[in-house]
Each structure stands twice: as structure tokens, then as C-alpha cells.
Protein chains: 2
Amino acid sequence: MTEPAAEFAFIARHFRPLAGPAALGLSDDAAVFLPPAGRELVVCADAMVSGVHFLPTDPPDTVARKLLRVNLSDLAAMGAEPLGYLMTVSVPPDLPPDWFEGFGAGLAIDQAGFGLSLLGGDTTSTAGPLVLSLTIIGHVAPGTALRRNGARAGDGVWVTGTIGDGALGLACLTGGLTDRTGHLAGRYRLPQPRLGLKLAGVVHAAIDVSDGLVQDLGHLCRESGLAARIEAALVPASDAARLAGPDWLERRLTGGDDYELLLAVPPVAEAALLAAARATGIPVTRIGVFEAGPHAVHVLAPDGADLVFDRPGWSHFPDRPR
Amino acid sequence: MTEPAAEFAFIARHFRPLAGPAALGLSDDAAVFLPPAGRELVVCADAMVSGVHFLPTDPPDTVARKLLRVNLSDLAAMGAEPLGYLMTVSVPPDLPPDWFEGFGAGLAIDQAGFGLSLLGGDTTSTAGPLVLSLTIIGHVAPGTALRRNGARAGDGVWVTGTIGDGALGLACLTGGLTDRTGHLAGRYRLPQPRLGLKLAGVVHAAIDVSDGLVQDLGHLCRESGLAARIEAALVPASDAARLAGPDWLERRLTGGDDYELLLAVPPVAEAALLAAARATGIPVTRIGVFEAGPHAVHVLAPDGADLVFDRPGWSHFPDRPR
């Protein structure tokens, strides 16, 4: 009755090194901290499931970093700075015992790189696939959080980086596509959250592209009560994505896993956006325009015809409308 | 490309009614709120997995309320007040479509009763059992959060309520024990977080009993660098637990799922503890004492012999010491 349980040893070994001062060494029931004075808190949570959000064969360090980065991307979409995170892991019995070595190492790299630390969490068993759930806490100057509902007719539709690499990377990893450079698989496994862009007072609305460009643009449209028209030829592609050819256009625009920002930018603020982009080295590209009308996303092919896709993006319940 | 995905409809139907103002209608990437002025934040996360923390046959409303209450119990153990919560749900394909009706109804009841609201979350699919992860955010006056490491030799070991009902309730639900009153199963499904006790300045240390009385007392001992001696005969039992008889003593003391508070109380503060207990109607009982010595928990049987158990409490990794 004096031996710490294996679970306790597991937490001490893999997670305690990641804990910040507020976490009280992960030895209490909760973390305690004074929030930054005069700031609003920004909080969100995303879960990742083996076989759904990552491949069981993905390296554990990139799974960890993707888990953190997916949540950091949500903070980026709100214009917030990261502070800390909590995490629950539900572990299947057949996961190799050393899997969490790499997982913890990945978290250590990225929490140092992005300036946040582990605040707490929970470790449980499960009979099913590995489930990772992360809650991130960030902060922002009061009133400056970016929203999805602020786009106005005439605003440009802008994106950061390149679109479609993540979805094509998944295709590479599952055998449907070849990319000798490894760029696409790398982007699937390790997205780059677009933190640091000074977007407050510049953009009218923002979202991060996680479910697919068309679907996430649809979210901006719905929340803002607008339509949008984008040109497929303007959507920036990486060299590797371009090499995949036009057959992969739909996948690029609807596949998701981009974690780029999608922005509504009034024409008057374009210079400010470009300056912010230059200051951070994050590329930004105008791909279309918001228009008055019932919420809908129109995608124009190079020949000017409307592209129609089988589905606008990823859904976890494709067959279960409720 | 204008239809909201089934996933969006699912969130709108089941979770949006639970969202507080900070959640921005669950339509943004994150929630935004100004933390309570001059308060420290207290945050923690607990996951529950079907077949591990609850039975697949448990009613969805009590599963929801248990998920919330398990986390509220952690806040109670820190002496904190609840503010809000985030939740991720990973849903298997075979869950009945109306399961989340009852789940949402259960959350609605308890978030009203305990004074908190939904801030955000994520809904994903999984090929395995249902996994529910909840992060709770509370607050406390600076410097008053209760810790596990403050117990001193000579402090009494106190518990709230009765111990063992949850573990015996699970035995009832799985066929190992009979309880005609339904009290034990009710306590397994619907624990009572002990919020509201004024413990700051009264107790030296606190923890909630989730993994089993002996194991959680062991955590207090380890963090405080002490041993503890408790008397099995003093550990309060409900009428239903007493009826189960002495064969169930080990299960009562090590089974967990109590969500009662375990407290280190200096003799000089006993009157204050009893006054706090009377003010809230929460029973408290002294069951033993903390002592100097290497961290260990001694449980005395009614005949004065040391009781030795097969295991001190629940572990998610019983077979995988690392």
C-alpha cells in the first residue's frame, strides 16, 4: 500500500517534465494560476483519434505536435497568444510502451517553441483506438478577438500559406499519391499554426482551415450572412501539390488539415495585411471576394464555370444527418 | 455547398443550448471571456470512457452528469467555484442517434444546478468506445487553493459523506451484489461533488476520493511526506453499504468512484470544520490521523490488526508498470 500505481509512474515519467509552475507538478487535483492582468481568455478544445485524425503509423512525436498545433491554430484564428494546455489521453492496451516517449518529446519541442506549458490532464485506458483531447488556453487584448461573423460584402477572401498540402499528404501516406520530396506528408503530420500575424483591426473575420477550404469558407459565410466567390486558379498551391495535377483539385479545396488562416479583408486594409505578412514571413494570397446573398460558396474553375464538389469538406457524421 | 454538415447540425442541436455567452454560440474557433477580477483560475480535465468509467447501459443523462460532477469534484478538492467547461466527445458509429438527447438534458440540469456553462469543445468520430473528455475552469481567491501537500503529523484524517457506495453500486449494476433500494447504483451513476464547504484556512490538505480511499490517502501522504493510520470501523458507510456486510470492506475502501473529500484537519480547526459542515449539510467524519514516517497508509481492522489489500485502488495500467 505504499507503491505508487503504474499510472502514477506513467504520468511522472511522461508528463511531469512538461508541466509549468501553475500545474503544481501535476500532483494536485487541478492547476492554479493568476490569469494575465487586463486580458481576455481564449479557450478551445480539439480531440484527435487514431485512424481518424492521424494514422496509427504516424510517428508519436508528430502526433503530439499536431495535437498541440491544431489547437494553436484555433488560437491563431482568434488572434490570441498561447498560455497553457490540458490534455487527456485514453490509451489502448496494445499501444507499445515506448510510444509516449516520442509523444512527450514532441510536446516538449513544440511547447518550448510556441511558449506554453502543460497545466494538467488525465490518463485513462480504453478498449478502442488512442484518443487524445487537448484544451488550450490563450489570451487576447479585450475586444480584439477575431470572429467568424464580421465579414462584409466586398471584403476580399484571403488565405495564408498554401492550401491542400495536408489532404494530399494523407493521400501520399495512404498510397493514393506519390511525392518524392516528402513535403506533402510532412504538412499532413506537422501543420504550421499561423500565430503572430497582427490581424486585430485589419481583418473583419477569420477562421482556420481544418475541415476543408470550401467548408470553412462556408462557415465564414453562414456566420456573416454572406456568399463568397473564389477562383480555383488563385488558391495557392505548393510545388508538390501542383505536381499532383488538376485531378487533385477537389481534394485540395475540400480535404482539410491545412491549418492555414482564411480571412475577410476589406480593400482598405490590404496594405496593412501585407505589411503584417511581411513582418512575420507568412505568405498571404487573395483568392476571391465576399458578396451579398444567401450563404453559399461559389468556386470558379479556370474556364469560369462553377465547380461543384461531392462534399464541401470533412464531416465526422457523413451518414448520420440529425 | 450550402448545406451545413451533419456534424454542424449535431452540435447546434445538442450542445448550442448549453453554451454560455462566452462560447460565442459555439460558432467560432474558441470561447472568449474576461476572467473574474482578482481571482486565480483553477483548471483540470478528466476523461470518461464507456466500459471503463461508466457502463454502456448507463442512462446517458447520468453519464453526462457524472462527467461534469467528476470534474466539479476536483474543483471542490481545490476549494474552487465553477465557471465553465469545455468538452470533446469521440463517438462510435453504433451509438443510437438519440443518445445525445439524454446526454444534453443531463448536462443542462447539472450546469444550471452548479452554476456553470459550456464554453466549447469538439465532436469527432471513433472506431472504439465512446470517449468523453471534459476540462473544467473554476476560480478561487488568490493563495487559498487547497493542496495535497500541506498535511502535518497530528492532523486528523477526515472524509465527507459515506465511502464505498460508488464501488458497491458498480458491483450491483454488474451483478455481484444486490441492493433493493437502488441507493448504491445511484451513487455510482450520480456522485455528489462536495462544493460549497468553506475549507480555506481550516484544512491543511485536501483531495477528492476517486481512485479509492486508501490510494487517494496515499497521494496525500506522499505529497505531504507523511504516513497515515485510519480505522476501518470509523469509515462512514451508508445503510445500504452496511447491509452488504464485512466481505465488501476491501471494495469499499479501495474501489473508488466516491467523489467525497478527504481532508487533513489540525485538531485546532475541528470546530471550524464542523461548523462549515453544519452550514452546508455535508456530513464529515474523522477516520484517523496523519503521522510522521515514510509515506504509507495503515488501515486498522476492528481487532486492531493491520489490513492488507490486494491493491490500494484503481489504476488504468494495472499490468504495465513502466
# chains A, B, ... in the order shown; residues from 1 in each chain; ligands from 1
call {"tool": "select_by_dssp", "arguments": {"residues": "range 77-295 of chain B", "states": "alpha helix (DSSP H)", "output": "short mmCIF file (atom, residue, chain, number, x, y, z; two decimals) with C-alpha atoms, in the first residue's frame"}}
result
data_model
loop_
_atom_site.label_atom_id
_atom_site.label_comp_id
_atom_site.auth_asym_id
_atom_site.auth_seq_id
_atom_site.Cartn_x
_atom_site.Cartn_y
_atom_site.Cartn_z
CA ALA B 77 -10.99 19.45 -3.67
CA MET B 78 -9.19 22.70 -4.52
CA TRP B 99 -28.22 9.00 -27.11
CA PHE B 100 -27.09 12.61 -27.06
CA GLU B 101 -30.63 13.82 -26.37
CA GLY B 102 -30.43 12.41 -22.87
CA PHE B 103 -26.78 13.40 -22.57
CA GLY B 104 -27.55 17.05 -23.32
CA ALA B 105 -30.54 17.02 -20.98
CA GLY B 106 -28.35 15.74 -18.16
CA LEU B 107 -25.76 18.45 -18.75
CA ALA B 108 -28.50 21.11 -18.81
CA ILE B 109 -29.78 20.03 -15.39
CA ASP B 110 -26.38 20.00 -13.72
CA GLN B 111 -24.90 23.09 -15.28
CA ALA B 112 -27.93 25.01 -14.04
CA GLY B 113 -27.66 23.38 -10.62
CA PHE B 114 -23.96 24.04 -10.21
CA ASP B 165 -21.16 3.40 -2.19
CA GLY B 166 -19.90 4.02 -5.72
CA ALA B 167 -17.77 0.88 -5.88
CA LEU B 168 -20.57 -1.21 -4.39
CA GLY B 169 -23.01 0.42 -6.81
CA LEU B 170 -20.90 -0.80 -9.71
CA ALA B 171 -20.99 -4.29 -8.16
CA CYS B 172 -24.78 -4.04 -8.04
CA LEU B 173 -25.00 -2.98 -11.68
CA HIS B 183 -29.02 3.70 -3.37
CA LEU B 184 -25.65 2.22 -4.30
CA ALA B 185 -26.22 2.18 -8.08
CA GLY B 186 -27.48 5.74 -7.80
CA ARG B 187 -24.29 6.80 -6.06
CA TYR B 188 -22.18 5.10 -8.75
CA ARG B 189 -24.04 6.86 -11.51
CA LEU B 213 -9.91 5.87 -0.20
CA VAL B 214 -6.64 4.07 0.57
CA GLN B 215 -4.95 5.08 -2.68
CA ASP B 216 -6.05 8.70 -2.51
CA LEU B 217 -5.00 8.92 1.13
CA GLY B 218 -1.68 7.56 -0.11
CA HIS B 219 -1.46 10.51 -2.51
CA LEU B 220 -1.96 12.94 0.40
CA CYS B 221 0.71 11.09 2.38
CA ARG B 222 3.21 11.05 -0.47
CA GLU B 223 2.76 14.72 -1.30
CA SER B 224 2.94 15.68 2.39
CA ASP B 239 -27.12 1.85 5.36
CA ALA B 240 -27.05 0.08 2.00
CA ALA B 241 -23.28 -0.42 2.18
CA ARG B 242 -23.53 -1.77 5.72
CA LEU B 243 -26.13 -4.28 4.56
CA ALA B 244 -23.59 -5.63 2.05
CA LEU B 249 -14.91 -3.93 3.25
CA GLU B 250 -11.90 -4.05 0.93
CA ARG B 251 -14.00 -3.00 -2.05
CA ARG B 252 -15.45 -0.10 -0.06
CA LEU B 253 -12.04 1.21 0.95
CA THR B 254 -10.26 0.69 -2.38
CA GLU B 270 -12.01 20.73 14.06
CA ALA B 271 -14.65 23.08 15.40
CA ALA B 272 -14.38 25.25 12.29
CA LEU B 273 -14.71 22.18 10.06
CA LEU B 274 -17.78 21.01 11.93
CA ALA B 275 -19.30 24.49 11.63
CA ALA B 276 -18.63 24.52 7.88
CA ALA B 277 -20.18 21.08 7.60
CA ARG B 278 -23.30 22.15 9.51
CA ALA B 279 -23.64 25.26 7.32
CA THR B 280 -23.82 23.11 4.17
#
call {"tool": "residues_around", "arguments": {"residues": "Leu262 in chain A", "least_positions_apart": "5", "cutoff": "7 Å", "atoms": "only C-alpha atoms", "output": "list in words"}}
result
Trp158, Val159, Thr160, Ala206, Ile207, Asp208 and Val209 of chain A
call {"tool": "atom_distance", "arguments": {"atom1": "CA of Ala9 in chain A", "atom2": "CA of Ala47 in chain B"}}
result
18.7 Å
call {"tool": "select_by_dssp", "arguments": {"residues": "range 225-291 of chain A", "states": "strand (DSSP E or B)", "output": "PDB file with C-alpha atoms, in the first residue's frame"}}
result
ATOM      1  CA  ALA A 227     -21.933  34.434 -50.084  1.00  0.00           C
ATOM      2  CA  ALA A 228     -18.367  34.125 -51.349  1.00  0.00           C
ATOM      3  CA  ARG A 229     -16.860  33.594 -54.759  1.00  0.00           C
ATOM      4  CA  ILE A 230     -13.340  32.241 -55.094  1.00  0.00           C
ATOM      5  CA  GLU A 231     -11.236  31.320 -58.117  1.00  0.00           C
ATOM      6  CA  LEU A 261      -5.956  31.069 -41.862  1.00  0.00           C
ATOM      7  CA  LEU A 262      -8.882  32.169 -44.026  1.00  0.00           C
ATOM      8  CA  LEU A 263      -9.518  35.880 -43.695  1.00  0.00           C
ATOM      9  CA  ALA A 264     -12.077  38.514 -44.662  1.00  0.00           C
ATOM     10  CA  VAL A 265     -10.095  41.629 -45.519  1.00  0.00           C
ATOM     11  CA  VAL A 284      -0.956  35.737 -47.795  1.00  0.00           C
ATOM     12  CA  THR A 285      -2.953  35.477 -51.029  1.00  0.00           C
ATOM     13  CA  ARG A 286      -6.257  36.952 -52.194  1.00  0.00           C
ATOM     14  CA  ILE A 287      -8.406  34.214 -53.703  1.00  0.00           C
ATOM     15  CA  GLY A 288     -11.849  35.801 -54.043  1.00  0.00           C
ATOM     16  CA  VAL A 289     -14.478  38.101 -52.628  1.00  0.00           C
ATOM     17  CA  PHE A 290     -17.415  38.105 -50.218  1.00  0.00           C
ATOM     18  CA  GLU A 291     -20.740  39.099 -51.774  1.00  0.00           C
TER      19      GLU A 291
END
call {"tool": "interface_residues", "arguments": {"of": "chain A", "to": "chain B", "cutoff": "7 Å", "atoms": "only C-alpha atoms", "output": "PyMOL selection string"}}
result
chain A and resi 1-2+5-7+9-10+28-35+39-47+49+74+77-78+86+88+120-122+124-129+133+135+147-148+207+218+295-297+312+315-318+320-322
call {"tool": "write_last_selection", "arguments": {"atoms": "C-alpha atoms", "output": "CSV table (one decimal), in the first residue's frame"}}
result
chain,number,residue,atom,x,y,z
A,1,MET,CA,0.0,0.0,0.0
A,2,THR,CA,3.0,2.3,-0.4
A,5,ALA,CA,0.5,2.9,-9.1
A,6,ALA,CA,1.9,2.3,-12.6
A,7,GLU,CA,-0.4,5.1,-13.7
A,9,ALA,CA,4.7,6.5,-12.6
A,10,PHE,CA,3.5,6.9,-16.2
A,28,ASP,CA,-2.8,18.1,-7.3
A,29,ASP,CA,-6.4,17.9,-8.4
A,30,ALA,CA,-6.1,21.0,-10.6
A,31,ALA,CA,-3.7,23.7,-11.8
A,32,VAL,CA,-3.9,27.2,-10.2
A,33,PHE,CA,-2.8,30.4,-11.9
A,34,LEU,CA,-3.4,34.1,-12.0
A,35,PRO,CA,-4.6,35.0,-15.5
A,39,ARG,CA,-6.6,40.3,-20.9
A,40,GLU,CA,-9.5,38.2,-22.1
A,41,LEU,CA,-9.0,34.5,-22.0
A,42,VAL,CA,-9.5,32.5,-25.2
A,43,VAL,CA,-10.2,28.7,-24.7
A,44,CYS,CA,-11.0,25.9,-27.0
A,45,ALA,CA,-10.6,22.1,-27.3
A,46,ASP,CA,-9.9,19.6,-30.1
A,47,ALA,CA,-9.7,15.9,-29.9
A,49,VAL,CA,-8.4,9.9,-32.7
A,74,ASP,CA,-7.6,27.8,-33.3
A,77,ALA,CA,-7.7,32.2,-35.8
A,78,MET,CA,-8.9,34.2,-32.8
A,86,LEU,CA,-4.6,20.5,-20.5
A,88,THR,CA,-6.5,13.8,-21.6
A,120,GLY,CA,-3.0,19.3,-16.2
A,121,GLY,CA,-4.9,16.4,-17.6
A,122,ASP,CA,-5.9,12.8,-17.2
A,124,THR,CA,-7.3,6.6,-18.9
A,125,SER,CA,-7.5,3.2,-20.5
A,126,THR,CA,-9.8,2.4,-23.5
A,127,ALA,CA,-10.6,-0.7,-25.4
A,128,GLY,CA,-10.6,1.3,-28.6
A,129,PRO,CA,-8.2,3.4,-30.6
A,133,SER,CA,-8.1,15.5,-26.3
A,135,THR,CA,-7.8,22.1,-24.3
A,147,ARG,CA,-14.6,36.4,-35.1
A,148,ARG,CA,-16.2,34.5,-37.9
A,207,ILE,CA,-11.2,31.1,-39.3
A,218,GLY,CA,-18.9,28.3,-45.8
A,295,HIS,CA,-24.7,32.0,-47.7
A,296,ALA,CA,-23.0,29.9,-50.3
A,297,VAL,CA,-19.5,29.3,-51.6
A,312,PRO,CA,-17.5,20.6,-49.3
A,315,SER,CA,-17.6,15.7,-41.5
A,316,HIS,CA,-17.4,13.2,-38.7
A,317,PHE,CA,-21.0,12.2,-39.3
A,318,PRO,CA,-21.3,11.9,-43.1
A,320,ARG,CA,-26.0,10.4,-40.0
A,321,PRO,CA,-27.9,13.6,-40.6
A,322,ARG,CA,-29.9,14.5,-37.5
call {"tool": "closest_residue", "arguments": {"among": "B:Leu300, B:Leu190, B:Val235, B:Ile163", "to": "Arg69 in chain B", "atoms": "only C-alpha atoms"}}
result
B:Leu190
call {"tool": "atom_distance", "arguments": {"atom1": "CA of Gly150 in chain A", "atom2": "CA of Glu260 in chain A"}}
result
18.6 Å
call {"tool": "atom_distance", "arguments": {"atom1": "CA of Gly154 in chain A", "atom2": "CA of Pro267 in chain A"}}
result
7.6 Å
call {"tool": "residues_around", "arguments": {"residues": "Ser117 in chain B", "least_positions_apart": "4", "cutoff": "6 Å", "atoms": "only C-alpha atoms", "output": "MDAnalysis selection string"}}
result
chainID B and resid 19:20 84 111
